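Data first, discussion second: the structure below is written as structure tokens.
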Amino acid sequence: MISFAALHHAGTPLLLPNAWDHASAVALAAQGFPAIGTTSLGVAAAAGLADGTAATWDETLLLAQRLGKGPYLVSVDAEGGFSNDPGEVGEFARDLAAAGAAGINLEDGRDDGTLTPTAVHAAKIEAVKAAAPDLFVNARTDTYWLGGREAETSRRLDAYRQAGADGVFVPGLSDLAGIASLVKRLDIPLNILYSPTGPSVAQLGEVGVARVSLGSLLFRVALGAAVDTAVDIQAGRPVTGRAPTYAEVQGLTPDHPRR
């Protein structure tokens with residue numbers, strides 16, 4: 001199997017769809033996606049927990065253990081590492097690597113709308129690389145996502161790269177000129193979050209982006225489709241859109257019961 005790092009090509013980005021459970025990951029992989037990410041929002045919401053609050057250590061690790069055995073590569077969205085202690089973040093990364101994960105996404109945004117101090121986030125990255133050297137660290141900065149901190153972007157990314165990050169992620173940055181400028185000053189892959197109202201994957205590739213993540217988009221679309229379908233049935237309207245059959249969903253598990 002090709003390495004996760006090798007899938008990051010400037011000009012021909014890795015399109016990384018993000019799953020929230022075993023079924024969604026396997027269904028996406030069946031469509032030919034060589035790597036699957038997880039979405040912290042989807043994992044948290046499915047468990048009845050809030051995203052970004054370091055509440056889903058167990059749920060995230062359990063999902064990684066389920067997906068890490070599959071014939072596809074997995075990158076795990078681990079919020080800020082579920083701890084402010086770099087040692088604990090390194091411990092979590094070691095568990096992810098043991099589960100078969102190929103990558104980890106670590107963000108510096110906090111649930112109170114602030115950013116983790118640069119030195120603290122860099123220490124987390126160093127701890128991950130020390131604990132799990134082969135785990136691809138995608139270091140995310142929320143300078144654009146939270147707004148008002150855009151000027152810090154380059155300084156933070158430089159610190160994260162020096163700490164050992166294998167790639168960097170700037171969600172909220174959607175201006176092609178700004179993305180192109182950032183690509184030129186980076187010597188590691190840049191990850192951009194896809195937006196339905198932003199540049200296409202092809203356009204992002206043209207300016208040198210190496211990875212495009214779908215984030216929580218697929219989970220939110222699926223949730224919206226489920227609610228819309230129930231409302232349409234209640235209103236007597238026909239059901240639209242394709243729904244996998246019972247057998248198709250059962251087939252997503254390796255040892256499904258027969259009926």
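Residues in the structure tokens are named by chain (A, B, ... in the order shown) and by number from 1 within that chain; ligands are numbered from 1 in the order shown.
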Residue set, region 10-227 of chain A restricted to helix (DSSP H, G or I), as a VMD selection string = chain A and resid 22 to 29 40 to 46 57 to 67 86 to 99 118 to 131 143 to 146 150 to 162 176 to 185 201 to 206 217 to 227
Using only C-alpha atoms, find each residue of region 79-155 of chain A with at least one atom at most 9 Å away from an atom of region 175-192 of chain A; report its shortest atom-to-atom pair and that distance in Å (one decimal), sort the rows by chain and rising residue number, and return the result as a Markdown table.
| residue | atom | partner | partner_atom | distance |
| --- | --- | --- | --- | --- |
| A:Asn138 | CA | A:Asn191 | CA | 8.1 |
| A:Arg140 | CA | A:Asn191 | CA | 8.6 |
| A:Ser154 | CA | A:Leu182 | CA | 7.9 |
All residues 12 Å or closer to Asp166 (chain A), only C-alpha atoms, same chain fewer than 6 positions away omitted, as a PDB file with N, CA and C atoms, in the first residue's frame:
ATOM      1  N   PHE A   4       0.903   7.216   3.181  1.00  0.00           N
ATOM      2  CA  PHE A   4      -0.004   8.354   3.257  1.00  0.00           C
ATOM      3  C   PHE A   4       0.686   9.627   2.765  1.00  0.00           C
ATOM      4  N   ALA A   5       1.944   9.808   3.145  1.00  0.00           N
ATOM      5  CA  ALA A   5       2.677  11.006   2.718  1.00  0.00           C
ATOM      6  C   ALA A   5       2.769  11.089   1.199  1.00  0.00           C
ATOM      7  N   ALA A   6       2.936   9.936   0.553  1.00  0.00           N
ATOM      8  CA  ALA A   6       3.099   9.912  -0.900  1.00  0.00           C
ATOM      9  C   ALA A   6       1.835  10.322  -1.645  1.00  0.00           C
ATOM     10  N   HIS A   8       0.196  12.990  -1.051  1.00  0.00           N
ATOM     11  CA  HIS A   8       0.133  14.449  -1.045  1.00  0.00           C
ATOM     12  C   HIS A   8       0.967  14.993  -2.197  1.00  0.00           C
ATOM     13  N   ALA A 102      -2.746   6.207   9.884  1.00  0.00           N
ATOM     14  CA  ALA A 102      -1.598   6.705   9.128  1.00  0.00           C
ATOM     15  C   ALA A 102      -1.318   8.173   9.403  1.00  0.00           C
ATOM     16  N   GLY A 103      -2.324   8.890   9.926  1.00  0.00           N
ATOM     17  CA  GLY A 103      -2.143  10.313  10.150  1.00  0.00           C
ATOM     18  C   GLY A 103      -2.995  10.824  11.285  1.00  0.00           C
ATOM     19  N   ILE A 104      -2.648  12.019  11.736  1.00  0.00           N
ATOM     20  CA  ILE A 104      -3.396  12.691  12.791  1.00  0.00           C
ATOM     21  C   ILE A 104      -3.517  14.167  12.437  1.00  0.00           C
ATOM     22  N   ASN A 105      -4.675  14.723  12.711  1.00  0.00           N
ATOM     23  CA  ASN A 105      -4.909  16.154  12.501  1.00  0.00           C
ATOM     24  C   ASN A 105      -4.980  16.809  13.879  1.00  0.00           C
ATOM     25  N   LEU A 106      -4.101  17.782  14.120  1.00  0.00           N
ATOM     26  CA  LEU A 106      -4.058  18.486  15.404  1.00  0.00           C
ATOM     27  C   LEU A 106      -4.318  19.965  15.182  1.00  0.00           C
ATOM     28  N   ILE A 125       3.085  18.685  18.853  1.00  0.00           N
ATOM     29  CA  ILE A 125       3.560  18.086  17.602  1.00  0.00           C
ATOM     30  C   ILE A 125       4.852  17.317  17.847  1.00  0.00           C
ATOM     31  N   GLU A 126       5.770  17.913  18.591  1.00  0.00           N
ATOM     32  CA  GLU A 126       7.020  17.240  18.914  1.00  0.00           C
ATOM     33  C   GLU A 126       6.768  15.939  19.673  1.00  0.00           C
ATOM     34  N   VAL A 128       4.087  14.061  19.535  1.00  0.00           N
ATOM     35  CA  VAL A 128       3.506  13.074  18.625  1.00  0.00           C
ATOM     36  C   VAL A 128       4.604  12.423  17.778  1.00  0.00           C
ATOM     37  N   LYS A 129       5.491  13.236  17.243  1.00  0.00           N
ATOM     38  CA  LYS A 129       6.545  12.686  16.390  1.00  0.00           C
ATOM     39  C   LYS A 129       7.517  11.819  17.187  1.00  0.00           C
ATOM     40  N   PRO A 133       6.687   8.205  15.271  1.00  0.00           N
ATOM     41  CA  PRO A 133       7.428   8.894  14.201  1.00  0.00           C
ATOM     42  C   PRO A 133       6.823   8.754  12.813  1.00  0.00           C
ATOM     43  N   ASP A 134       6.142   7.651  12.546  1.00  0.00           N
ATOM     44  CA  ASP A 134       5.612   7.417  11.203  1.00  0.00           C
ATOM     45  C   ASP A 134       4.217   7.999  10.993  1.00  0.00           C
ATOM     46  N   LEU A 135       3.630   8.542  12.038  1.00  0.00           N
ATOM     47  CA  LEU A 135       2.299   9.127  11.934  1.00  0.00           C
ATOM     48  C   LEU A 135       2.414  10.489  11.244  1.00  0.00           C
ATOM     49  N   PHE A 136       1.662  10.673  10.161  1.00  0.00           N
ATOM     50  CA  PHE A 136       1.693  11.934   9.414  1.00  0.00           C
ATOM     51  C   PHE A 136       0.936  12.996  10.220  1.00  0.00           C
ATOM     52  N   VAL A 137       1.655  14.023  10.670  1.00  0.00           N
ATOM     53  CA  VAL A 137       1.038  15.078  11.468  1.00  0.00           C
ATOM     54  C   VAL A 137       0.614  16.226  10.566  1.00  0.00           C
ATOM     55  N   ASN A 138      -0.693  16.451  10.523  1.00  0.00           N
ATOM     56  CA  ASN A 138      -1.254  17.581   9.791  1.00  0.00           C
ATOM     57  C   ASN A 138      -1.567  18.653  10.839  1.00  0.00           C
ATOM     58  N   ALA A 139      -0.728  19.673  10.911  1.00  0.00           N
ATOM     59  CA  ALA A 139      -0.859  20.706  11.935  1.00  0.00           C
ATOM     60  C   ALA A 139      -1.793  21.805  11.448  1.00  0.00           C
ATOM     61  N   ARG A 140      -2.896  21.941  12.138  1.00  0.00           N
ATOM     62  CA  ARG A 140      -3.930  22.896  11.732  1.00  0.00           C
ATOM     63  C   ARG A 140      -3.855  24.167  12.571  1.00  0.00           C
ATOM     64  N   LEU A 157       2.638  28.530  11.340  1.00  0.00           N
ATOM     65  CA  LEU A 157       2.968  27.405  10.469  1.00  0.00           C
ATOM     66  C   LEU A 157       4.455  27.110  10.482  1.00  0.00           C
ATOM     67  N   ASP A 158       5.286  28.160  10.530  1.00  0.00           N
ATOM     68  CA  ASP A 158       6.740  27.948  10.594  1.00  0.00           C
ATOM     69  C   ASP A 158       7.111  27.195  11.865  1.00  0.00           C
ATOM     70  N   TYR A 160       5.218  25.187  13.614  1.00  0.00           N
ATOM     71  CA  TYR A 160       4.716  23.815  13.557  1.00  0.00           C
ATOM     72  C   TYR A 160       5.571  22.959  12.641  1.00  0.00           C
ATOM     73  N   LEU A 186       5.960  27.660   1.647  1.00  0.00           N
ATOM     74  CA  LEU A 186       5.984  26.416   2.406  1.00  0.00           C
ATOM     75  C   LEU A 186       6.835  25.359   1.709  1.00  0.00           C
ATOM     76  N   ASP A 187       7.491  24.521   2.502  1.00  0.00           N
ATOM     77  CA  ASP A 187       8.215  23.391   1.928  1.00  0.00           C
ATOM     78  C   ASP A 187       7.620  22.061   2.371  1.00  0.00           C
ATOM     79  N   ILE A 188       6.391  22.116   2.919  1.00  0.00           N
ATOM     80  CA  ILE A 188       5.628  20.919   3.252  1.00  0.00           C
ATOM     81  C   ILE A 188       4.222  21.089   2.682  1.00  0.00           C
ATOM     82  N   PRO A 189       3.460  20.003   2.543  1.00  0.00           N
ATOM     83  CA  PRO A 189       2.139  20.080   1.906  1.00  0.00           C
ATOM     84  C   PRO A 189       1.163  20.996   2.644  1.00  0.00           C
ATOM     85  N   LEU A 190       0.385  21.729   1.851  1.00  0.00           N
ATOM     86  CA  LEU A 190      -0.673  22.578   2.394  1.00  0.00           C
ATOM     87  C   LEU A 190      -2.021  21.903   2.192  1.00  0.00           C
ATOM     88  N   ASN A 191      -2.796  21.846   3.246  1.00  0.00           N
ATOM     89  CA  ASN A 191      -4.144  21.277   3.247  1.00  0.00           C
ATOM     90  C   ASN A 191      -5.142  22.432   3.341  1.00  0.00           C
ATOM     91  N   ALA A 210      -1.833  20.547  -1.830  1.00  0.00           N
ATOM     92  CA  ALA A 210      -1.526  19.118  -1.898  1.00  0.00           C
ATOM     93  C   ALA A 210      -2.604  18.232  -1.289  1.00  0.00           C
TER      94      ALA A 210
END
Enumerate the residues of region 154-258 of chain A with a DSSP assignment of strand (DSSP E or B), computed from the backbone, and present them as a PyMOL selection string.
-> chain A and resi 167-169+190-193+211-213
Could you write out the selected residues, including all heavy atoms, as a PDB file, in the first residue's frame?
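Okay, this is what ended up in result-v3.pdb:
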ATOM      1  N   GLY A 167       2.655  18.230   7.399  1.00  0.00           N
ATOM      2  CA  GLY A 167       1.818  19.058   6.547  1.00  0.00           C
ATOM      3  C   GLY A 167       1.116  20.073   7.427  1.00  0.00           C
ATOM      4  O   GLY A 167       1.082  19.930   8.650  1.00  0.00           O
ATOM      5  N   VAL A 168       0.566  21.100   6.805  1.00  0.00           N
ATOM      6  CA  VAL A 168      -0.148  22.121   7.565  1.00  0.00           C
ATOM      7  C   VAL A 168      -1.519  22.365   6.948  1.00  0.00           C
ATOM      8  O   VAL A 168      -1.721  22.168   5.745  1.00  0.00           O
ATOM      9  CB  VAL A 168       0.644  23.446   7.643  1.00  0.00           C
ATOM     10  CG1 VAL A 168       1.864  23.292   8.531  1.00  0.00           C
ATOM     11  CG2 VAL A 168       1.045  23.935   6.256  1.00  0.00           C
ATOM     12  N   PHE A 169      -2.448  22.806   7.777  1.00  0.00           N
ATOM     13  CA  PHE A 169      -3.862  22.917   7.409  1.00  0.00           C
ATOM     14  C   PHE A 169      -4.366  24.287   7.853  1.00  0.00           C
ATOM     15  O   PHE A 169      -4.211  24.655   9.021  1.00  0.00           O
ATOM     16  CB  PHE A 169      -4.612  21.790   8.121  1.00  0.00           C
ATOM     17  CG  PHE A 169      -6.074  21.650   7.782  1.00  0.00           C
ATOM     18  CD1 PHE A 169      -6.639  22.198   6.637  1.00  0.00           C
ATOM     19  CD2 PHE A 169      -6.904  20.926   8.634  1.00  0.00           C
ATOM     20  CE1 PHE A 169      -7.982  22.039   6.341  1.00  0.00           C
ATOM     21  CE2 PHE A 169      -8.244  20.758   8.356  1.00  0.00           C
ATOM     22  CZ  PHE A 169      -8.785  21.313   7.209  1.00  0.00           C
ATOM     23  N   LEU A 190       0.385  21.729   1.851  1.00  0.00           N
ATOM     24  CA  LEU A 190      -0.673  22.578   2.394  1.00  0.00           C
ATOM     25  C   LEU A 190      -2.021  21.903   2.192  1.00  0.00           C
ATOM     26  O   LEU A 190      -2.347  21.450   1.088  1.00  0.00           O
ATOM     27  CB  LEU A 190      -0.685  23.948   1.712  1.00  0.00           C
ATOM     28  CG  LEU A 190      -1.832  24.885   2.120  1.00  0.00           C
ATOM     29  CD1 LEU A 190      -1.754  25.228   3.607  1.00  0.00           C
ATOM     30  CD2 LEU A 190      -1.822  26.152   1.271  1.00  0.00           C
ATOM     31  N   ASN A 191      -2.796  21.846   3.246  1.00  0.00           N
ATOM     32  CA  ASN A 191      -4.144  21.277   3.247  1.00  0.00           C
ATOM     33  C   ASN A 191      -5.142  22.432   3.341  1.00  0.00           C
ATOM     34  O   ASN A 191      -4.994  23.332   4.161  1.00  0.00           O
ATOM     35  CB  ASN A 191      -4.276  20.350   4.466  1.00  0.00           C
ATOM     36  CG  ASN A 191      -5.607  19.624   4.571  1.00  0.00           C
ATOM     37  OD1 ASN A 191      -5.870  18.997   5.588  1.00  0.00           O
ATOM     38  ND2 ASN A 191      -6.453  19.681   3.567  1.00  0.00           N
ATOM     39  N   ILE A 192      -6.155  22.400   2.489  1.00  0.00           N
ATOM     40  CA  ILE A 192      -7.207  23.412   2.498  1.00  0.00           C
ATOM     41  C   ILE A 192      -8.552  22.702   2.698  1.00  0.00           C
ATOM     42  O   ILE A 192      -8.767  21.604   2.185  1.00  0.00           O
ATOM     43  CB  ILE A 192      -7.216  24.226   1.184  1.00  0.00           C
ATOM     44  CG1 ILE A 192      -5.956  25.097   1.100  1.00  0.00           C
ATOM     45  CG2 ILE A 192      -8.466  25.078   1.064  1.00  0.00           C
ATOM     46  CD1 ILE A 192      -5.871  26.191   2.155  1.00  0.00           C
ATOM     47  N   LEU A 193      -9.440  23.329   3.434  1.00  0.00           N
ATOM     48  CA  LEU A 193     -10.784  22.793   3.654  1.00  0.00           C
ATOM     49  C   LEU A 193     -11.677  23.179   2.482  1.00  0.00           C
ATOM     50  O   LEU A 193     -11.813  24.361   2.150  1.00  0.00           O
ATOM     51  CB  LEU A 193     -11.366  23.347   4.954  1.00  0.00           C
ATOM     52  CG  LEU A 193     -12.768  22.870   5.333  1.00  0.00           C
ATOM     53  CD1 LEU A 193     -12.755  21.380   5.667  1.00  0.00           C
ATOM     54  CD2 LEU A 193     -13.304  23.670   6.523  1.00  0.00           C
ATOM     55  N   ARG A 211      -3.515  18.824  -0.535  1.00  0.00           N
ATOM     56  CA  ARG A 211      -4.560  18.041   0.120  1.00  0.00           C
ATOM     57  C   ARG A 211      -5.787  18.913   0.328  1.00  0.00           C
ATOM     58  O   ARG A 211      -5.685  20.065   0.746  1.00  0.00           O
ATOM     59  CB  ARG A 211      -4.043  17.519   1.456  1.00  0.00           C
ATOM     60  CG  ARG A 211      -5.060  16.849   2.383  1.00  0.00           C
ATOM     61  CD  ARG A 211      -4.285  16.153   3.473  1.00  0.00           C
ATOM     62  NE  ARG A 211      -5.015  15.894   4.696  1.00  0.00           N
ATOM     63  CZ  ARG A 211      -4.471  15.356   5.790  1.00  0.00           C
ATOM     64  NH1 ARG A 211      -3.181  15.037   5.791  1.00  0.00           N
ATOM     65  NH2 ARG A 211      -5.176  15.148   6.889  1.00  0.00           N
ATOM     66  N   VAL A 212      -6.949  18.345   0.026  1.00  0.00           N
ATOM     67  CA  VAL A 212      -8.223  19.046   0.205  1.00  0.00           C
ATOM     68  C   VAL A 212      -9.112  18.163   1.065  1.00  0.00           C
ATOM     69  O   VAL A 212      -9.428  17.037   0.693  1.00  0.00           O
ATOM     70  CB  VAL A 212      -8.911  19.337  -1.142  1.00  0.00           C
ATOM     71  CG1 VAL A 212     -10.239  20.052  -0.906  1.00  0.00           C
ATOM     72  CG2 VAL A 212      -8.002  20.174  -2.038  1.00  0.00           C
ATOM     73  N   SER A 213      -9.487  18.668   2.230  1.00  0.00           N
ATOM     74  CA  SER A 213     -10.329  17.908   3.158  1.00  0.00           C
ATOM     75  C   SER A 213     -11.781  18.347   3.044  1.00  0.00           C
ATOM     76  O   SER A 213     -12.064  19.525   2.807  1.00  0.00           O
ATOM     77  CB  SER A 213      -9.853  18.110   4.599  1.00  0.00           C
ATOM     78  OG  SER A 213      -8.556  17.600   4.784  1.00  0.00           O
TER      79      SER A 213
END
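Atom pair CA of Thr114 (chain A) / CA of Glu152 (chain A) has a distance of 12.8 Å (rounded to one decimal).
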Write out, as a Markdown table, each residue of region 52-113 of chain A that has an atom at most 9 Å from region 30-34 of chain A, together with the closest pair of atoms and their distance in Å to one decimal, counting only C-alpha atoms, rows going by chain and rising number.
| residue | atom | partner | partner_atom | distance |
| --- | --- | --- | --- | --- |
| A:Pro71 | CA | A:Pro34 | CA | 8.5 |
| A:Tyr72 | CA | A:Pro34 | CA | 5.5 |
| A:Leu73 | CA | A:Pro34 | CA | 6.4 |
| A:Val74 | CA | A:Pro34 | CA | 8.9 |
How about saving the chosen residues, C-alpha atoms kept, as an mmCIF file, in the first residue's frame?
data_model
loop_
_atom_site.group_PDB
_atom_site.id
_atom_site.type_symbol
_atom_site.label_atom_id
_atom_site.label_comp_id
_atom_site.auth_asym_id
_atom_site.auth_seq_id
_atom_site.Cartn_x
_atom_site.Cartn_y
_atom_site.Cartn_z
ATOM 1 C CA PRO A 71 -7.665 -1.774 3.248
ATOM 2 C CA TYR A 72 -7.359 2.011 3.139
ATOM 3 C CA LEU A 73 -5.335 4.658 4.930
ATOM 4 C CA VAL A 74 -6.874 6.587 7.819
#
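Of the residues under consideration (A:Leu15, A:Ala54, A:Leu217, A:Ala47), A:Leu15 shows the shortest atom-to-atom contact distance to Ala29 (chain A) when counting only C-alpha atoms.
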Rank nothing, just name the residue among A:Ala35, A:Leu218, A:Leu61, A:Val249 nearest to Glu91 (chain A), using only C-alpha atoms.
-> A:Leu61
